[in-house]
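J.: I'd like to ask some things about the structure below.
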Number of protein chains: 2
Amino acid sequence: MDGSLESVSGPGRVAGPEEGISTQELALAARNHGLPLEGLRYDVTPPGLHYVLVHYDIPAVDTTGWQLAVGGRVRTPLALDMAALRAYPAVTQRVTMECAGNGRARLSPRPVSQPWLVEAVGTAEWTGVPLRTLLAEAGVEPGSVEAVFTGADHGVERGVEQDYRRSLPLAVATGDWPEVLVAYAMNGQPLPPQHGYPLRLVVPGWYGMAHVKWLREVTVTDTPFTGFQQAVAYRLRQSADEPGEPVTRIAPRALMIPPGFPDFMSRERVVRPGFVALEGRAWSGYAPVERVEVTADGGETWTDADVGRQAPHPWAWASWRALWTAEPGRYVLSVRATDAEGRTQPLEQPWNRGGFANNLVQHVPVLCVSD
Amino acid sequence: MDGSLESVSGPGRVAGPEEGISTQELALAARNHGLPLEGLRYDVTPPGLHYVLVHYDIPAVDTTGWQLAVGGRVRTPLALDMAALRAYPAVTQRVTMECAGNGRARLSPRPVSQPWLVEAVGTAEWTGVPLRTLLAEAGVEPGSVEAVFTGADHGVERGVEQDYRRSLPLAVATGDWPEVLVAYAMNGQPLPPQHGYPLRLVVPGWYGMAHVKWLREVTVTDTPFTGFQQAVAYRLRQSADEPGEPVTRIAPRALMIPPGFPDFMSRERVVRPGFVALEGRAWSGYAPVERVEVTADGGETWTDADVGRQAPHPWAWASWRALWTAEPGRYVLSVRATDAEGRTQPLEQPWNRGGFANNLVQHVPVLCVSD
């Protein structure tokens, strides 16, 4: 009987060519949940439909004693309870958040981890205190390079026991574009437990791993953070032995509300002949979405969709709409977004060992049946 | 190219002996979500943690025109808008709801459908109008036998295009134990879209399929309803060609909050030596839970847990608590509930083709590591 942590906590791996989804992957899919794609119809995602990814357990939190510590290389360390945080001027931002592993389960070969298909996204109104306000009050020492964020969630991952912990470059942590928030409310309510109650970081434009939940500590450092979630996980690597590039901002993506109605088991879509409104959302963590195109013929021809204006909410998804004339037959609908910096979505899978930042276009099989 | 509905909507089936979880099953797991088991710590499940099973799509609902029609074999058909429904005296009940397919994905062989492991449960405070009040006002004709409930969700299932529709025997629909509700609020708020906004049926003690969401019509009939969800689905069958018995009330079950902390990927638990509090919930749709027992040796010896009182909330789960002294090694913890009618949980899987009402005891592998 092997009683070591490694016996329950193996290394990262990629599934074999014929390997079905494992019970471990299914257990993650049953806990963590995606946005049912018809939920793209809401500008702001209702509670319970926003995607959730919890690395370990949702911590049991008693807020009577909860304090956020701001320390490390600062002149005046802070210890702020919830009342102190609420006393600062509040800022609200509408932010589209996406898991860095979105789309992983459709990759070939499949990285074995949380098996998202395409639905790990959501948009919420986050309210809190700008991080730069707190760091300015604490007074960052010259020569500092990063801020490290520690959550209360505790577990083991690839043999390493840890509290969830991530860092940001100091320029991002103290910047105002995006404005990083220490958030205590989601859609006007206290954070739900699974979204970080009582406090989480919100880093508009960045993948979800940066938005540290159940936030307990902010620590300013004069060396780059080399903890597990920064130096081991969330790297773009082709092989296990290279250091890889860090995962940061959200690559552009458009998603479609699957049209018509579904089959229960296959989730394939059925429409009737005639005009079918295709609608959905598109976003990029780099720049506003400038163009959305749809195809019904596997990418041979693309049609421009009408794109709604993001201006009042620069970090939230844009709506888009196109009209498709359906005739009896089988189709695979796809949609792709292009942002103002020219980034777009590939038609071939962008693969890396972690299955991160994969923004392959969505494929929506549709059957049009005769009236 | 086969353009029939059957081409996207196959018959029910059971997985082959070596067949891994399919992408179709995974797509259901990514949409529908279970209760992360640490969520058992809350008496009332916070929004977004309660399990959700949506057969088709969450309908787009505009409540300005929403009406509940009460008709069929009644003297005075009713058409009630939301204001009319809110004008009746409101009743609130705390109800534990569980999907009839809970535990399906652990069965061998595995019925292919929504692949729940063990987490398809939640408890909420539901507020609404007793169904018997509405049926009394409409005046049920003599000789009536059932009430049929129609939701707004539309799809195809095993080749049958349908709105989701289920019935209850008239004695249940008009009874006061349980008191069936037409509910418009969950935990004091309007129903979330995925829980049936603006209206759903709540049938305390029954599995989830009876709690029809997005409720549009109540129709009193003088013949038993033979629609898909009543006569084809939700039957206890050993083979495909027998009629089977209907799925009704919730079989007893206890679940444990997995102790210690998890590995990210395997979800296996790690504890340190010493006293470990084992806690969780137990429920039965037939009678109050009278006894909860735990085992750490695969069922050789069982220890009674302390069981909290259900009395103020007879249709909600009971809390339970036991103390376990952990020593270094590997264990599989289990827990079983027994209700006041003597129903308990089996140690061997109760199998049927749909994977319904399977209340096999939970197994929680735990590694106790040295300090």
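Following the order of the structure tokens, first chain is A, next is B, and so on, with residues numbered from 1 inside each chain and ligands from 1 in the order they appear.
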May I have all residues of segment 98-268 of chain B that DSSP, computed from the backbone, assigns to alpha helix (DSSP H), given as a PyMOL selection string?
T.: chain B and resi 131-138+170-173
J.: Using only C-alpha atoms, I'd like a table of the residues in segment 91-169 of chain A that come within 10 Å of segment 191-209 of chain A; for each, show the closest atom pair and its distance in Å rounded to one decimal, ordered by chain and ascending number, as CSV.
T.:
residue,atom,partner,partner_atom,distance
A:Gln93,CA,A:Pro204,CA,8.5
A:Arg94,CA,A:Pro204,CA,8.7
A:Val95,CA,A:Pro204,CA,5.9
A:Thr96,CA,A:Pro204,CA,7.5
A:Met97,CA,A:Gly208,CA,6.0
A:Glu98,CA,A:Tyr207,CA,5.5
A:Cys99,CA,A:Gly208,CA,4.8
A:Ala100,CA,A:Tyr207,CA,5.2
A:Gly101,CA,A:Tyr207,CA,8.9
A:Asn102,CA,A:Tyr207,CA,9.7
A:Ala120,CA,A:Gly208,CA,9.5
A:Val121,CA,A:Gly208,CA,9.1
A:Trp126,CA,A:Val202,CA,7.6
A:Thr127,CA,A:Val202,CA,9.3
A:Gly128,CA,A:Leu199,CA,8.7
A:Val129,CA,A:Leu201,CA,9.8
A:Pro130,CA,A:Val202,CA,9.4
A:Leu131,CA,A:Leu201,CA,8.5
A:Phe149,CA,A:Leu201,CA,8.3
A:Thr150,CA,A:Arg200,CA,9.9
A:Gly151,CA,A:Arg200,CA,8.2
A:Ala152,CA,A:Gly196,CA,9.1
A:Asp153,CA,A:Gly196,CA,9.4
A:Tyr164,CA,A:Met209,CA,9.7
A:Arg165,CA,A:Met209,CA,9.5
A:Arg166,CA,A:Met209,CA,7.8
A:Leu168,CA,A:Val203,CA,9.4
J.: For Leu333 of chain B, find every residue with an atom within 6 Å (counting only C-alpha atoms), except residues of its own chain fewer than 2 positions away, and show them as a list in words.
T.: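 The neighbour list is Thr295, Ala296, His363 and Val364 of chain B.
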J.: Skip segment 261-265 of chain B itself and residues of its chain fewer than 2 positions away, then list as a PyMOL selection string all residues within 7 Å of it, counting only C-alpha atoms.
T.: (chain A and resi 8-9+24+55-56+113+154-157) or (chain B and resi 259+267-271)
J.: Write to file, as a CSV table (one decimal), in the first residue's frame, the residues of the selection just made, with all heavy atoms.
T.:
chain,number,residue,atom,x,y,z
A,8,VAL,N,-2.0,9.5,-5.1
A,8,VAL,CA,-3.4,10.0,-5.5
A,8,VAL,C,-3.2,11.1,-6.5
A,8,VAL,O,-4.2,11.7,-6.9
A,8,VAL,CB,-4.2,10.4,-4.3
A,8,VAL,CG1,-4.5,9.3,-3.3
A,8,VAL,CG2,-3.6,11.6,-3.5
A,9,SER,N,-2.0,11.5,-6.8
A,9,SER,CA,-1.8,12.8,-7.5
A,9,SER,C,-0.7,12.6,-8.6
A,9,SER,O,0.5,12.8,-8.3
A,9,SER,CB,-1.4,13.9,-6.5
A,9,SER,OG,-1.4,15.1,-7.1
A,24,GLN,N,-12.4,10.0,-13.9
A,24,GLN,CA,-11.9,11.2,-13.3
A,24,GLN,C,-12.2,12.4,-14.0
A,24,GLN,O,-12.6,13.5,-13.4
A,24,GLN,CB,-10.4,11.0,-13.2
A,24,GLN,CG,-9.9,10.0,-12.2
A,24,GLN,CD,-8.4,10.0,-11.9
A,24,GLN,OE1,-7.7,10.7,-12.5
A,24,GLN,NE2,-8.0,9.1,-11.0
A,55,HIS,N,-10.5,24.5,-8.4
A,55,HIS,CA,-9.3,23.5,-8.5
A,55,HIS,C,-9.5,22.5,-7.4
A,55,HIS,O,-9.3,21.3,-7.6
A,55,HIS,CB,-8.0,24.3,-8.3
A,55,HIS,CG,-7.4,24.7,-9.6
A,55,HIS,ND1,-6.3,24.2,-10.1
A,55,HIS,CD2,-7.8,25.7,-10.5
A,55,HIS,CE1,-6.0,24.8,-11.3
A,55,HIS,NE2,-6.9,25.7,-11.5
A,56,TYR,N,-9.8,22.9,-6.1
A,56,TYR,CA,-9.9,21.9,-5.0
A,56,TYR,C,-11.3,21.9,-4.5
A,56,TYR,O,-12.2,21.5,-5.3
A,56,TYR,CB,-8.8,22.3,-4.0
A,56,TYR,CG,-7.4,22.6,-4.7
A,56,TYR,CD1,-6.8,23.8,-4.5
A,56,TYR,CD2,-6.9,21.6,-5.5
A,56,TYR,CE1,-5.6,24.1,-5.2
A,56,TYR,CE2,-5.7,21.8,-6.1
A,56,TYR,CZ,-5.0,23.1,-6.0
A,56,TYR,OH,-3.9,23.3,-6.7
A,113,SER,N,-7.5,16.6,-18.2
A,113,SER,CA,-7.8,17.6,-17.2
A,113,SER,C,-9.3,17.9,-17.3
A,113,SER,O,-10.0,17.1,-17.8
A,113,SER,CB,-6.9,18.9,-17.4
A,113,SER,OG,-7.1,19.8,-16.4
A,154,HIS,N,-7.5,24.8,-0.8
A,154,HIS,CA,-6.3,24.0,-0.5
A,154,HIS,C,-6.4,22.6,-1.1
A,154,HIS,O,-7.5,22.0,-1.0
A,154,HIS,CB,-6.1,23.9,1.0
A,154,HIS,CG,-4.9,23.2,1.4
A,154,HIS,ND1,-3.7,23.8,1.6
A,154,HIS,CD2,-4.6,21.9,1.7
A,154,HIS,CE1,-2.7,23.0,1.9
A,154,HIS,NE2,-3.3,21.8,2.0
A,155,GLY,N,-5.4,22.1,-1.7
A,155,GLY,CA,-5.4,20.8,-2.3
A,155,GLY,C,-4.0,20.3,-2.7
A,155,GLY,O,-3.0,20.9,-2.4
A,156,VAL,N,-4.0,19.2,-3.5
A,156,VAL,CA,-2.8,18.7,-4.0
A,156,VAL,C,-3.0,18.6,-5.5
A,156,VAL,O,-4.1,18.3,-6.0
A,156,VAL,CB,-2.4,17.4,-3.3
A,156,VAL,CG1,-3.5,16.3,-3.4
A,156,VAL,CG2,-1.1,16.8,-3.9
A,157,GLU,N,-1.9,18.8,-6.3
A,157,GLU,CA,-2.0,18.8,-7.7
A,157,GLU,C,-0.6,18.4,-8.2
A,157,GLU,O,0.4,19.0,-7.9
A,157,GLU,CB,-2.4,20.2,-8.2
A,157,GLU,CG,-2.9,20.3,-9.6
A,157,GLU,CD,-3.6,21.6,-9.9
A,157,GLU,OE1,-4.0,22.3,-9.0
A,157,GLU,OE2,-3.9,21.8,-11.1
B,259,PRO,N,-14.0,14.2,3.2
B,259,PRO,CA,-13.2,14.9,4.2
B,259,PRO,C,-11.8,15.2,3.7
B,259,PRO,O,-11.4,14.8,2.6
B,259,PRO,CB,-13.1,13.8,5.3
B,259,PRO,CG,-13.2,12.5,4.6
B,259,PRO,CD,-14.1,12.7,3.5
B,267,ARG,N,-9.5,13.7,-7.6
B,267,ARG,CA,-10.5,14.1,-6.6
B,267,ARG,C,-10.4,13.2,-5.4
B,267,ARG,O,-11.3,13.2,-4.5
B,267,ARG,CB,-12.0,14.0,-7.2
B,267,ARG,CG,-12.3,15.1,-8.2
B,267,ARG,CD,-12.2,16.5,-7.8
B,267,ARG,NE,-13.0,16.9,-6.7
B,267,ARG,CZ,-12.8,18.0,-6.0
B,267,ARG,NH1,-11.9,18.9,-6.3
B,267,ARG,NH2,-13.6,18.2,-4.9
B,268,GLU,N,-9.4,12.3,-5.3
B,268,GLU,CA,-9.2,11.5,-4.1
B,268,GLU,C,-8.8,12.4,-3.0
B,268,GLU,O,-8.2,13.5,-3.1
B,268,GLU,CB,-8.1,10.4,-4.3
B,268,GLU,CG,-8.7,9.3,-5.1
B,268,GLU,CD,-7.8,8.0,-5.1
B,268,GLU,OE1,-7.4,7.6,-4.0
B,268,GLU,OE2,-7.5,7.5,-6.1
B,269,ARG,N,-9.1,12.0,-1.8
B,269,ARG,CA,-9.0,12.8,-0.6
B,269,ARG,C,-7.8,12.5,0.3
B,269,ARG,O,-7.4,11.3,0.4
B,269,ARG,CB,-10.3,12.6,0.3
B,269,ARG,CG,-11.6,12.6,-0.4
B,269,ARG,CD,-11.9,13.9,-1.1
B,269,ARG,NE,-11.9,15.1,-0.2
B,269,ARG,CZ,-12.3,16.3,-0.6
B,269,ARG,NH1,-12.7,16.5,-1.8
B,269,ARG,NH2,-12.2,17.3,0.3
B,270,VAL,N,-7.2,13.5,0.9
B,270,VAL,CA,-6.1,13.3,1.7
B,270,VAL,C,-6.5,13.9,3.1
B,270,VAL,O,-7.0,15.0,3.2
B,270,VAL,CB,-4.9,14.1,1.2
B,270,VAL,CG1,-3.7,14.0,2.1
B,270,VAL,CG2,-4.5,13.6,-0.2
B,271,VAL,N,-6.2,13.1,4.2
B,271,VAL,CA,-6.4,13.6,5.5
B,271,VAL,C,-5.1,13.3,6.3
B,271,VAL,O,-4.3,12.5,5.9
B,271,VAL,CB,-7.6,12.9,6.2
B,271,VAL,CG1,-8.9,13.2,5.5
B,271,VAL,CG2,-7.4,11.4,6.4
J.: Identify all residues of segment 26-173 of chain B in strand (DSSP E or B) (DSSP on the backbone) and supply them as a ChimeraX atom specification.
T.: /B:33,52,67-72,74,78-81,91-98,111,121-130,140,146-157,160-169
J.: Could you state the separation of atom CA of Gln310 of chain A and atom CA of Val182 of chain A in Å, given to one decimal place?
T.: 23.3 Å
J.: Find the residue from B:Gly308, B:Gly244, B:Pro365, B:Pro314 that sits nearest to chain A; use only C-alpha atoms when measuring.
T.: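 Looking only at the distances to chain A, the closest residue turns out to be B:Pro365.
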J.: Which residue is closest to chain B? Choose from A:Arg330, A:Arg272, A:Arg281, A:Arg343 and count only C-alpha atoms.
T.: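 Among the listed residues, the smallest separation from chain B belongs to A:Arg330.
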